[in-house]
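Engineer: The structure's right below; bear with me while I get my questions together.
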Amino acid sequence: MSNLVKGIDRRKGVFSVALAILVSIGINFSLLREATIDNSPTLDFTNEIMVFVRTMYLSMPSNKVRLTLFVCVLTILFYMGLSVSLSWKDSLLYGGISLLFSATQIICYALKKTEAWTVLYEFPLNRARTMIRGISLAIMFYFFLKVALNLINQQLTQRIAIKRHVKWWHVAIITGVIFLAWFPYFHIFYPGTSNEDTVIMIMEYFHVPSYIQEMSAVQGEDIFITNHHPYLLIMLFGKFIEWGLERGDIQSGVAVYTILHMAFLSFVFGGCIQYLRYIGVTIRRWIAVLLIIMFVPVFPMYSICMVKDTVYGAFCLLFVIMMNEMARTGGEILKKWWFLLCMFLDATMMMLTKVYGIYLLAIIGVVYLIKYRKLWWRTCVGIFVPILLFQFVYLNTFLPAMNVAPGGVQEGLSVPLQQTARYLTEYPDDITSAEKKVISKIIPYKYWTKCYEAKLSDRLKKHYNQDATKDDLKAYFKVWWKMFLRHPEVYFEATFANTYEYYDVDKISSLVYYEWNQYLQNHPKKYKDYDYLLISNAEETAASRYIVNQLVLAYEKTPILSFFATIGIIPWMLICMLLLNKMRNRREFNIALLLPVITFLICLTSPDNGNYRYIIPSIYSIPYLLVLTLMPGKEEDNHC
């Protein structure tokens, strides 16, 4: 012990302890605690200075044991961080990211507690507390980045990769192992799980009227299916349900789909795991990824779930792997026709299973045209030809021929609609009669505030006027812009309130579905003639389902392991990967991170705050990207 103490730089040690004490207090500083008559009965509330000082005191953390632990951990972090040197450019970069992290987490905290961020700046006291906590968070994250990335670079990165030959039966074995690990979930949750969207999709297939038809501008007595949900998956789900009905057991149709879905995902995950082995990932890391896929609850629980996002997520994972292979070969793999065909088919399936896949692919395609200019026409074949076919043949020709109505315009308007609704909620008198008339053509005026939810735009969108013309929308956006100029802070607040859970590292997400959705059962009068479509889980395994539910909830609160349970961690993990690639001169591999990054940005325009299934493509990709980011760069390894 004495030798250890002698090896410590005393100046660094003292500075680290002092900084750790200040930062620990700042991180745990309350932004909401106020001086009141109850906790300060003798305080002169007419004296602003006394109130300020008393409130600042009350805002300080009082749990000395937790604070001491914070100080100990941060002392070690700061001491290690002081030993890591950075260039001034990297220092600025890390500092900027740390300030971004600090600002977003403080905003998340305020919105979680009050659904507003005025608590952060409304009075001088609020601004002082926000500054203390914000600076503390920024300092902590700055040192965390320095230490974590340095340790990863020094201790965890691979320096040599030895390629291994992979045969088809290797993939078959891994597929079987994953399938068997997931199978107990199928037994417990027989015949499978789903969400409300799935039930609505099945209703569309069987021509059962629902609110989804009302959310399209094209309506008619013989139109039951819209492109709000992927038509391909509506038909796929419906066919399996129909198959079960023909045999007198609707549950069996769901069960067969679930088994095939498990096999499909097992094959995709297994094939991608074998790709890691092919490019030379160490056996221990290869096994670690396999164990994550087999046993982290997210993966088996979604394998038994009939929901559109899991199918789309699987094709996104395949695309991420192809993007990594393109980066690894410098784009040379595009010269192989089999690879180009796989990219063409995978891009097509991404769009067929998720409509907004077309926007994601368009962005990636533009980046590829710039990055691999010499192979531009191959990029066009692999990405832009599928986009053109999807847009002009599938959407504009095939779907109308199948009597499928287009999705509603409102699906792309969540952000402005939420901004307008919050504006009218906070400033109901700051709008002219002419402006009321304009926005009422989009959504009847009474619904703007009545149906506004800070974290969800679905209730509001249901009242969108499908008869609204392009001129009505144009007029609305003119009013929208005028309102923004009057109170821009409301628009930013509305956007953050509808998105903050996607980057809140302290938010426990609702991971999975534990039953077949009971939408039809919950509306017995409305759908009394459609009892034949009722699906429910087996009663005899109800206790087992409850146990699994509790275990998953416990997992969501388990440190480290819960990385896959908190979607707010994902963007910061992606930033760390980007920084690590920069540190190791592997910038060309950042292109493989493009898909999850764009997926995150798309989530910032989504109608539902913190919806786990929206981020499924990133969740599926993260275990592989963590390992791929640690692979050697071209200048580090001559074995690949």
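By order in the structure tokens, chains are A, B, ...; within a chain, residues start at 1; ligands start at 1, following the order shown.
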Show me, as a list of chain:residue names, the residues that have an atom within 8 Å of Thr599 in chain A when counting only C-alpha atoms, minus same-chain residues fewer than 2 positions from it.
Structural biologist: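 After dropping sequence-adjacent residues, the list is A:Leu360, A:Leu595, A:Pro596, A:Val597, A:Leu601, A:Ile602, A:Cys603, A:Ile615, A:Pro617, A:Ser618.
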Engineer: Please write the residues from the selection above to a file, keeping N, CA and C atoms, as an mmCIF file, in the first residue's frame.
Structural biologist:
```cif
data_model
loop_
_atom_site.group_PDB
_atom_site.id
_atom_site.type_symbol
_atom_site.label_atom_id
_atom_site.label_comp_id
_atom_site.auth_asym_id
_atom_site.auth_seq_id
_atom_site.Cartn_x
_atom_site.Cartn_y
_atom_site.Cartn_z
ATOM 1 N N LEU A 360 -33.865 6.997 -45.506
ATOM 2 C CA LEU A 360 -32.598 6.543 -44.948
ATOM 3 C C LEU A 360 -31.643 6.112 -46.063
ATOM 4 N N LEU A 595 -26.056 4.231 -40.754
ATOM 5 C CA LEU A 595 -27.454 3.781 -40.645
ATOM 6 C C LEU A 595 -28.024 3.992 -39.243
ATOM 7 N N PRO A 596 -27.344 3.546 -38.162
ATOM 8 C CA PRO A 596 -27.915 3.826 -36.829
ATOM 9 C C PRO A 596 -27.949 5.312 -36.498
ATOM 10 N N VAL A 597 -26.998 6.089 -37.012
ATOM 11 C CA VAL A 597 -27.018 7.536 -36.758
ATOM 12 C C VAL A 597 -28.247 8.167 -37.410
ATOM 13 N N LEU A 601 -31.639 10.105 -35.879
ATOM 14 C CA LEU A 601 -32.123 11.415 -36.327
ATOM 15 C C LEU A 601 -33.587 11.332 -36.772
ATOM 16 N N ILE A 602 -33.957 10.221 -37.407
ATOM 17 C CA ILE A 602 -35.356 10.029 -37.802
ATOM 18 C C ILE A 602 -36.248 9.947 -36.561
ATOM 19 N N CYS A 603 -35.740 9.314 -35.502
ATOM 20 C CA CYS A 603 -36.513 9.206 -34.263
ATOM 21 C C CYS A 603 -36.820 10.574 -33.668
ATOM 22 N N ILE A 615 -36.186 2.303 -32.521
ATOM 23 C CA ILE A 615 -34.730 2.292 -32.543
ATOM 24 C C ILE A 615 -34.185 0.872 -32.728
ATOM 25 N N PRO A 617 -33.458 -0.982 -35.310
ATOM 26 C CA PRO A 617 -32.294 -1.178 -36.197
ATOM 27 C C PRO A 617 -30.965 -0.909 -35.496
ATOM 28 N N SER A 618 -30.936 0.085 -34.632
ATOM 29 C CA SER A 618 -29.704 0.387 -33.893
ATOM 30 C C SER A 618 -29.437 -0.667 -32.827
#
```
Engineer: How close does each residue of range 464-581 of chain A get to range 110-118 of chain A, giving the shortest atom pair and distance in Å to one decimal for every residue with an atom at most 12 Å away, counting only C-alpha atoms, sorted by chain and residue number, as a Markdown table?
Structural biologist:
```
| residue | atom | partner | partner_atom | distance |
| --- | --- | --- | --- | --- |
| A:Glu489 | CA | A:Trp117 | CA | 9.8 |
| A:Val490 | CA | A:Ala116 | CA | 9.6 |
| A:Tyr491 | CA | A:Ala116 | CA | 11.8 |
| A:Phe492 | CA | A:Trp117 | CA | 10.0 |
| A:Glu493 | CA | A:Trp117 | CA | 7.0 |
| A:Ala494 | CA | A:Ala116 | CA | 8.7 |
| A:Thr495 | CA | A:Ala116 | CA | 11.1 |
| A:Phe496 | CA | A:Leu111 | CA | 8.2 |
| A:Ala497 | CA | A:Leu111 | CA | 6.3 |
| A:Asn498 | CA | A:Leu111 | CA | 9.7 |
| A:Thr499 | CA | A:Leu111 | CA | 10.3 |
| A:Tyr500 | CA | A:Leu111 | CA | 7.9 |
| A:Glu501 | CA | A:Lys112 | CA | 8.9 |
| A:Asp504 | CA | A:Lys112 | CA | 9.7 |
| A:Asp506 | CA | A:Lys112 | CA | 10.4 |
| A:Lys507 | CA | A:Lys112 | CA | 9.1 |
| A:Ile508 | CA | A:Lys112 | CA | 11.9 |
```
Engineer: Write out, as a tab-separated table, each residue of range 345-386 of chain A that has an atom at most 9 Å from range 299-318 of chain A, together with the closest pair of atoms and their distance in Å to one decimal, counting only C-alpha atoms, rows going by chain and rising number.
Structural biologist:
```
residue	atom	partner	partner_atom	distance
A:Asp346	CA	A:Phe315	CA	6.1
A:Ala347	CA	A:Phe315	CA	7.9
A:Met349	CA	A:Phe315	CA	6.9
A:Met350	CA	A:Tyr312	CA	5.7
A:Met351	CA	A:Tyr312	CA	8.3
A:Leu352	CA	A:Tyr312	CA	8.5
A:Thr353	CA	A:Tyr312	CA	5.3
A:Lys354	CA	A:Tyr312	CA	6.2
A:Gly357	CA	A:Tyr312	CA	8.7
```
Engineer: Next, dump the selected residues to file, keeping only N, CA, C and O atoms, as a PDB file, in the first residue's frame.
Structural biologist:
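File part_35.pdb, as written:
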```pdb
ATOM      1  N   ASP A 346     -31.604  -6.229 -50.432  1.00  0.00           N
ATOM      2  CA  ASP A 346     -31.753  -5.794 -49.049  1.00  0.00           C
ATOM      3  C   ASP A 346     -32.334  -4.384 -48.974  1.00  0.00           C
ATOM      4  O   ASP A 346     -33.212  -4.103 -48.144  1.00  0.00           O
ATOM      5  N   ALA A 347     -31.864  -3.495 -49.836  1.00  0.00           N
ATOM      6  CA  ALA A 347     -32.417  -2.137 -49.872  1.00  0.00           C
ATOM      7  C   ALA A 347     -33.906  -2.175 -50.211  1.00  0.00           C
ATOM      8  O   ALA A 347     -34.710  -1.439 -49.618  1.00  0.00           O
ATOM      9  N   MET A 349     -36.018  -4.647 -49.613  1.00  0.00           N
ATOM     10  CA  MET A 349     -36.773  -5.172 -48.480  1.00  0.00           C
ATOM     11  C   MET A 349     -36.861  -4.157 -47.334  1.00  0.00           C
ATOM     12  O   MET A 349     -37.867  -4.124 -46.618  1.00  0.00           O
ATOM     13  N   MET A 350     -35.851  -3.333 -47.165  1.00  0.00           N
ATOM     14  CA  MET A 350     -35.918  -2.285 -46.143  1.00  0.00           C
ATOM     15  C   MET A 350     -37.080  -1.341 -46.425  1.00  0.00           C
ATOM     16  O   MET A 350     -37.819  -0.958 -45.506  1.00  0.00           O
ATOM     17  N   MET A 351     -37.265  -0.968 -47.675  1.00  0.00           N
ATOM     18  CA  MET A 351     -38.350  -0.047 -48.027  1.00  0.00           C
ATOM     19  C   MET A 351     -39.705  -0.734 -47.969  1.00  0.00           C
ATOM     20  O   MET A 351     -40.708  -0.122 -47.581  1.00  0.00           O
ATOM     21  N   LEU A 352     -39.758  -1.997 -48.345  1.00  0.00           N
ATOM     22  CA  LEU A 352     -41.022  -2.723 -48.333  1.00  0.00           C
ATOM     23  C   LEU A 352     -41.517  -2.998 -46.911  1.00  0.00           C
ATOM     24  O   LEU A 352     -42.712  -3.202 -46.691  1.00  0.00           O
ATOM     25  N   THR A 353     -40.598  -3.013 -45.941  1.00  0.00           N
ATOM     26  CA  THR A 353     -40.986  -3.309 -44.562  1.00  0.00           C
ATOM     27  C   THR A 353     -41.042  -2.065 -43.671  1.00  0.00           C
ATOM     28  O   THR A 353     -41.461  -2.145 -42.521  1.00  0.00           O
ATOM     29  N   LYS A 354     -40.642  -0.916 -44.200  1.00  0.00           N
ATOM     30  CA  LYS A 354     -40.741   0.345 -43.467  1.00  0.00           C
ATOM     31  C   LYS A 354     -40.696   1.468 -44.484  1.00  0.00           C
ATOM     32  O   LYS A 354     -39.702   1.645 -45.189  1.00  0.00           O
ATOM     33  N   GLY A 357     -37.827   3.889 -44.861  1.00  0.00           N
ATOM     34  CA  GLY A 357     -36.549   3.330 -45.283  1.00  0.00           C
ATOM     35  C   GLY A 357     -36.024   4.003 -46.543  1.00  0.00           C
ATOM     36  O   GLY A 357     -34.813   4.065 -46.775  1.00  0.00           O
TER      37      GLY A 357
END
```
Engineer: With distances taken over only C-alpha atoms, which of A:Tyr79, A:Gly270, A:Ile162, A:Tyr109 is nearest to Arg10 in chain A?
Structural biologist: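 Closest to Arg10 in chain A, using only C-alpha atoms: A:Tyr79.
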Engineer: Can you list, as a ChimeraX atom specification, all residues belonging to range 183-328 of chain A that DSSP tags as strand (DSSP E or B)?
Structural biologist: /A:193-194,226,305-306
Engineer: Env of Ile200 in chain A: 10 Å cut, atoms = only C-alpha atoms, seq-sep filter 3 positions within chain, self excluded. Answer as an MDAnalysis selection string.
Structural biologist: chainID A and resid 195:197 203:206 208:212 225 229 234 519:520
Engineer: Which residues are near Asp608 in chain A? Cut-off 7 Å, only C-alpha atoms, ignore same chain within fewer than 5 positions. Put them as number ranges by chain.
Structural biologist: A: 455-457, 498
Engineer: Could you check how far CA of Ser440 in chain A sits from CA of Trp481 in chain A, in Å to one decimal?
Structural biologist: 15.9 Å
